[in-house]
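Asker: Pasting a structure here, questions to come.
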Amino acid sequence: MTAAEPALPDPDNRLRRSLGVGDAVVIGLGSMLGAGIFAALAPAAQAAGAGLLIGLAVAAVLAYCNATSSARLAALYPASGGTYVYGRERLGEFWGFLAGWGFVVGKTASCAAMALTVGWYAWPAHAHAVAVMAVVGLTAVNYVGVTKAAWLTRVIVVTVLLALACVVGSVFSSGAGNFANLSLSGDVHGTGVLQSAGFLFFAFAGYARIATLGEEVRDPVRTIPRAIVTALALTLVVYAAVATAVLSALGPQRLAATASPLTDAVRAAGATWLPPVIAVAAVLAALGSLLSLLLGVSRTTLAMARDRHLPGLLDAVHPRFRVPHRAELTVAALAALLAATVDLRGAIGFSSFAVLVYYAIANASALTLRREEGAPAKVIPVVGFSGCALVALALPWSSIIAGAGVLTVGALLFWGRRLVRRRSRGPTD
């Protein structure tokens, strides 16, 4: 299969190319920093103790492989949809559908998880109501144009980075960090490290938002690869610094048990003025993540609707704002419903499994690239694919069963639709 003729929408129904490298990097950072710093450290410590630092390294290697594969594919197919488009063009219609289905369903659950994070930090007594309001408010921002959303994300990212710098600085300047807490104990085992890598990979997965914005960036061949690698590198530096500071201040047991590890770390450092700042930063980080997730899911929904894998009604771009308004409103409605009814742990576990399947398909797609198409070194997609499979199978069984069940439902819908279509054509077609 060649990549010379990717299926692009009619020019009158395309999205506006308004994002540069900086905007795309900020959208990726907004997603990764929001999910990782405030949601993944404690469960990673619970799975692996001090071994979470090894899990962080595993997740970073896996994320680099996935980022490289995604960047090469996104440069070749600069249209909205991400791995849905790559899988369809390189592996066949079913694999593209499966990637898109997993992304849309899994990341809609992630939208709910990030909205609930906003609610629990901002107003715990009314967390679900605040979560729904967060979804509605950010959907309104997205509706009037992605450039405005990118500027809002930039403000959020800068604020969160300053707060995280205060966490790291307060721990190490006060002497609260005990490097003995970083040593590996005898109860650290391979399965726990891989499971921690799965939680932390969930945090890194924000660079997918950049690939799914392929139709809205200027000069995608140059912009997308640079934005993905830059956002990933910056996130890794932040994760390593914060994880080391928090783990050294609290130790693995206390880190695993707390619901607010960064707040507890600055309290251990004696910085009594910082906890309210960290709470505000947590809300802003979760908002940034939610904003980027809503952007990415709605664009993949648009791409699948264009191919009639989702209702054709969703294939619409607003004539004034040039955004996929029907897809955005539909995703927001589903995310708000989940935010009003589900719990955070279930949403994160399911989403982790689905996103690993999504990236496994991305790496399999990259394996089909030829040198003249910009193929990466073979070891990169091989490690990426194998790592996704291994880490996915190390997740809790509840996450595996739920994720596999939803993917099976999607596969049945795909083949059922194809069977109905074949029968409607008749035996002579």
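Letters for chains follow the order of the structure tokens (A, B, ...), residue numbers begin at 1 for each chain, and ligand numbers begin at 1 in the order shown.
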Need to verify the contact set: Ala60 of chain A, 8 Å, only C-alpha atoms, exclusion of same-chain residues closer than 2 positions in sequence. Can you return it as a list in words?
Answerer: Leu56, Ala57, Val58, Leu62, Ala63, Tyr64, Phe201, Phe204 and Leu236 of chain A
Asker: Using only C-alpha atoms for the distances, tell me which of A:Val171, A:Leu262, A:Leu419, A:Ala24 is nearest to Ile278 of chain A.
Answerer: A:Leu262
Asker: Excluding segment 182-198 of chain A and its own-chain neighbours fewer than 2 positions away, which residues fall within 7 Å of it when counting only C-alpha atoms? Please give them as a ChimeraX atom specification.
Answerer: /A:44,47-52,54-56,58-59,179-180,200-202,247-248,352,391-392,394-395
Asker: Within 7 Å of Val355 of chain A, counting only C-alpha atoms, which residues qualify if same-chain residues fewer than 2 places away don't, as a count of residues only?
Answerer: 9
Asker: Separation of atom CA of Met32 of chain A and atom CA of Leu393 of chain A, in Å?
Answerer: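 These two atoms are separated by 22.4 Å.
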Asker: Segment 314-318 of chain A: which residues within 9 Å, counting only C-alpha atoms, same-chain residues fewer than 6 positions away excluded, as number ranges by chain?
Answerer: A: 13-15, 143, 301-308, 324-328, 330
Asker: Residues of the last selection are to be written out with all heavy atoms, as a short mmCIF file (atom, residue, chain, number, x, y, z; two decimals), in the first residue's frame.
Answerer:
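The new file selection-v1.cif reads:
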```cif
data_model
loop_
_atom_site.label_atom_id
_atom_site.label_comp_id
_atom_site.auth_asym_id
_atom_site.auth_seq_id
_atom_site.Cartn_x
_atom_site.Cartn_y
_atom_site.Cartn_z
N ASN A 13 -14.49 22.02 3.34
CA ASN A 13 -14.84 21.44 4.63
C ASN A 13 -13.60 21.12 5.46
O ASN A 13 -13.61 20.25 6.31
CB ASN A 13 -15.67 20.17 4.43
CG ASN A 13 -16.49 19.82 5.67
OD1 ASN A 13 -16.97 20.69 6.38
ND2 ASN A 13 -16.63 18.52 5.92
N ARG A 14 -12.48 21.80 5.18
CA ARG A 14 -11.26 21.59 5.94
C ARG A 14 -11.15 22.58 7.08
O ARG A 14 -11.75 23.66 7.06
CB ARG A 14 -10.03 21.73 5.03
CG ARG A 14 -9.91 20.61 4.00
CD ARG A 14 -8.63 20.77 3.20
NE ARG A 14 -8.61 19.83 2.08
CZ ARG A 14 -7.65 19.82 1.16
NH1 ARG A 14 -6.66 20.68 1.22
NH2 ARG A 14 -7.70 18.94 0.18
N LEU A 15 -10.33 22.21 8.06
CA LEU A 15 -10.10 23.07 9.21
C LEU A 15 -9.03 24.11 8.89
O LEU A 15 -8.23 23.94 7.98
CB LEU A 15 -9.67 22.23 10.41
CG LEU A 15 -10.64 21.11 10.79
CD1 LEU A 15 -10.04 20.28 11.92
CD2 LEU A 15 -11.99 21.65 11.19
N TYR A 143 -15.13 25.85 20.85
CA TYR A 143 -16.12 26.10 19.80
C TYR A 143 -15.80 27.36 19.00
O TYR A 143 -16.05 27.41 17.80
CB TYR A 143 -17.50 26.23 20.44
CG TYR A 143 -18.66 26.09 19.48
CD1 TYR A 143 -19.27 24.86 19.29
CD2 TYR A 143 -19.16 27.18 18.79
CE1 TYR A 143 -20.34 24.71 18.42
CE2 TYR A 143 -20.22 27.06 17.92
CZ TYR A 143 -20.82 25.82 17.74
OH TYR A 143 -21.87 25.68 16.86
N THR A 301 -13.08 12.08 16.01
CA THR A 301 -14.50 11.84 15.72
C THR A 301 -14.87 12.40 14.35
O THR A 301 -15.58 11.74 13.56
CB THR A 301 -15.37 12.49 16.81
OG1 THR A 301 -15.05 11.91 18.07
CG2 THR A 301 -16.84 12.29 16.53
N LEU A 302 -14.38 13.60 14.03
CA LEU A 302 -14.63 14.19 12.72
C LEU A 302 -14.07 13.30 11.61
O LEU A 302 -14.75 13.02 10.61
CB LEU A 302 -13.99 15.57 12.64
CG LEU A 302 -13.96 16.25 11.27
CD1 LEU A 302 -15.37 16.62 10.82
CD2 LEU A 302 -13.07 17.49 11.29
N ALA A 303 -12.83 12.82 11.78
CA ALA A 303 -12.21 11.99 10.75
C ALA A 303 -12.98 10.69 10.53
O ALA A 303 -13.17 10.24 9.40
CB ALA A 303 -10.76 11.69 11.13
N MET A 304 -13.45 10.06 11.61
CA MET A 304 -14.20 8.81 11.49
C MET A 304 -15.58 9.06 10.87
O MET A 304 -16.09 8.23 10.13
CB MET A 304 -14.32 8.14 12.85
CG MET A 304 -12.99 7.68 13.42
SD MET A 304 -13.14 6.80 14.98
CE MET A 304 -13.85 5.24 14.42
N ALA A 305 -16.17 10.20 11.17
CA ALA A 305 -17.46 10.53 10.57
C ALA A 305 -17.33 10.79 9.07
O ALA A 305 -18.22 10.47 8.28
CB ALA A 305 -18.06 11.75 11.26
N ARG A 306 -16.19 11.35 8.65
CA ARG A 306 -15.96 11.57 7.22
C ARG A 306 -15.97 10.25 6.45
O ARG A 306 -16.38 10.20 5.30
CB ARG A 306 -14.62 12.28 7.02
CG ARG A 306 -14.63 13.76 7.33
CD ARG A 306 -13.23 14.35 7.31
NE ARG A 306 -13.28 15.81 7.45
CZ ARG A 306 -12.22 16.56 7.68
NH1 ARG A 306 -11.03 15.99 7.84
NH2 ARG A 306 -12.33 17.88 7.79
N ASP A 307 -15.49 9.19 7.10
CA ASP A 307 -15.46 7.87 6.47
C ASP A 307 -16.68 7.04 6.79
O ASP A 307 -16.74 5.86 6.46
CB ASP A 307 -14.20 7.12 6.90
CG ASP A 307 -12.93 7.77 6.39
OD1 ASP A 307 -12.99 8.50 5.38
OD2 ASP A 307 -11.87 7.57 7.01
N ARG A 308 -17.66 7.65 7.47
CA ARG A 308 -18.92 7.01 7.84
C ARG A 308 -18.75 5.82 8.77
O ARG A 308 -19.57 4.92 8.81
CB ARG A 308 -19.70 6.60 6.58
CG ARG A 308 -20.09 7.78 5.68
CD ARG A 308 -20.92 8.81 6.46
NE ARG A 308 -21.36 9.93 5.63
CZ ARG A 308 -20.77 11.14 5.63
NH1 ARG A 308 -19.71 11.35 6.39
NH2 ARG A 308 -21.23 12.09 4.86
N PRO A 324 -14.84 21.56 14.15
CA PRO A 324 -15.84 20.48 14.00
C PRO A 324 -16.88 20.56 15.12
O PRO A 324 -16.88 19.78 16.07
CB PRO A 324 -14.98 19.21 14.09
CG PRO A 324 -13.83 19.59 14.95
CD PRO A 324 -13.55 21.04 14.65
N HIS A 325 -17.81 21.50 14.98
CA HIS A 325 -18.67 21.86 16.10
C HIS A 325 -19.59 20.74 16.55
O HIS A 325 -19.81 20.55 17.74
CB HIS A 325 -19.48 23.12 15.76
CG HIS A 325 -20.33 23.01 14.54
ND1 HIS A 325 -19.79 22.80 13.29
CD2 HIS A 325 -21.67 23.08 14.38
CE1 HIS A 325 -20.77 22.77 12.40
NE2 HIS A 325 -21.91 22.91 13.03
N ARG A 326 -20.12 19.96 15.62
CA ARG A 326 -21.02 18.87 16.03
C ARG A 326 -20.26 17.77 16.75
O ARG A 326 -20.75 17.22 17.74
CB ARG A 326 -21.75 18.31 14.81
CG ARG A 326 -22.75 19.28 14.19
CD ARG A 326 -23.39 18.69 12.96
NE ARG A 326 -24.27 19.65 12.31
CZ ARG A 326 -24.83 19.47 11.11
NH1 ARG A 326 -24.60 18.33 10.44
NH2 ARG A 326 -25.60 20.39 10.60
N ALA A 327 -19.06 17.46 16.27
CA ALA A 327 -18.23 16.46 16.97
C ALA A 327 -17.86 16.96 18.36
O ALA A 327 -17.89 16.20 19.33
CB ALA A 327 -16.98 16.17 16.15
N GLU A 328 -17.51 18.25 18.47
CA GLU A 328 -17.14 18.80 19.77
C GLU A 328 -18.31 18.72 20.75
O GLU A 328 -18.13 18.35 21.92
CB GLU A 328 -16.68 20.24 19.62
CG GLU A 328 -15.30 20.38 18.99
CD GLU A 328 -14.81 21.82 18.95
OE1 GLU A 328 -15.64 22.72 19.18
OE2 GLU A 328 -13.62 22.03 18.69
N THR A 330 -20.89 16.69 20.69
CA THR A 330 -21.21 15.30 21.01
C THR A 330 -20.23 14.74 22.03
O THR A 330 -20.63 14.10 23.02
CB THR A 330 -21.19 14.44 19.74
OG1 THR A 330 -22.14 14.95 18.81
CG2 THR A 330 -21.52 12.99 20.05
#
```
Asker: Return the single residue from A:Trp123, A:Phe321, A:Gly346, A:Ala241 that is closest to Ala140 of chain A, with distances computed using only C-alpha atoms.
Answerer: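 Residue with the minimum atom-to-atom distance to Ala140 of chain A: A:Phe321.
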Asker: Name the closest residue to Asp23 of chain A among the candidates A:Thr223, A:Thr341, A:Ser70, A:Ser110; distances are taken between atoms, counting only C-alpha atoms.
Answerer: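 So, comparing all the options, the nearest one is A:Thr223.
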Asker: Run DSSP on the backbone and give me the residues of segment 279-361 of chain A it puts in helix (DSSP H, G or I), as a PyMOL selection string.
Answerer: chain A and resi 279-306+312-314+325-341+344-361
Asker: For Tyr86 of chain A, which residue out of A:Arg320, A:Arg371, A:Arg72, A:Arg345 is the nearest one, using only C-alpha atoms?
Answerer: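 Among A:Arg320, A:Arg371, A:Arg72, A:Arg345, it is A:Arg72 that comes nearest to Tyr86 of chain A.
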Asker: List the neighbours of Ser174 of chain A out to 8 Å using only C-alpha atoms; skip same-chain residues closer than 4 positions along the sequence, and give me the result as a VMD selection string.
Answerer: chain A and resid 170 269 to 270
Asker: Under the rule that only C-alpha atoms are counted, which of A:Val144, A:Ala99, A:Ala115, A:Ile37 is the nearest residue to Ala163 of chain A?
Answerer: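 For Ala163 of chain A, the nearest of the candidates is A:Ile37.
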Asker: What gap, in Å, lies between atom CA of Ala74 of chain A and atom CA of Val383 of chain A?
Answerer: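 Separation of atom CA of Ala74 of chain A and atom CA of Val383 of chain A: 19.1 Å.
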Asker: Which one is closest to Cys388 of chain A: A:Ala362, A:Val246, A:Ala257, A:Val409? Count only C-alpha atoms.
Answerer: A:Ala362
Asker: In Å, how far is it from atom CA of Leu53 of chain A to atom CA of Ala347 of chain A?
Answerer: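 Computing the Euclidean distance for atom CA of Leu53 of chain A and atom CA of Ala347 of chain A yields 23.9 Å.
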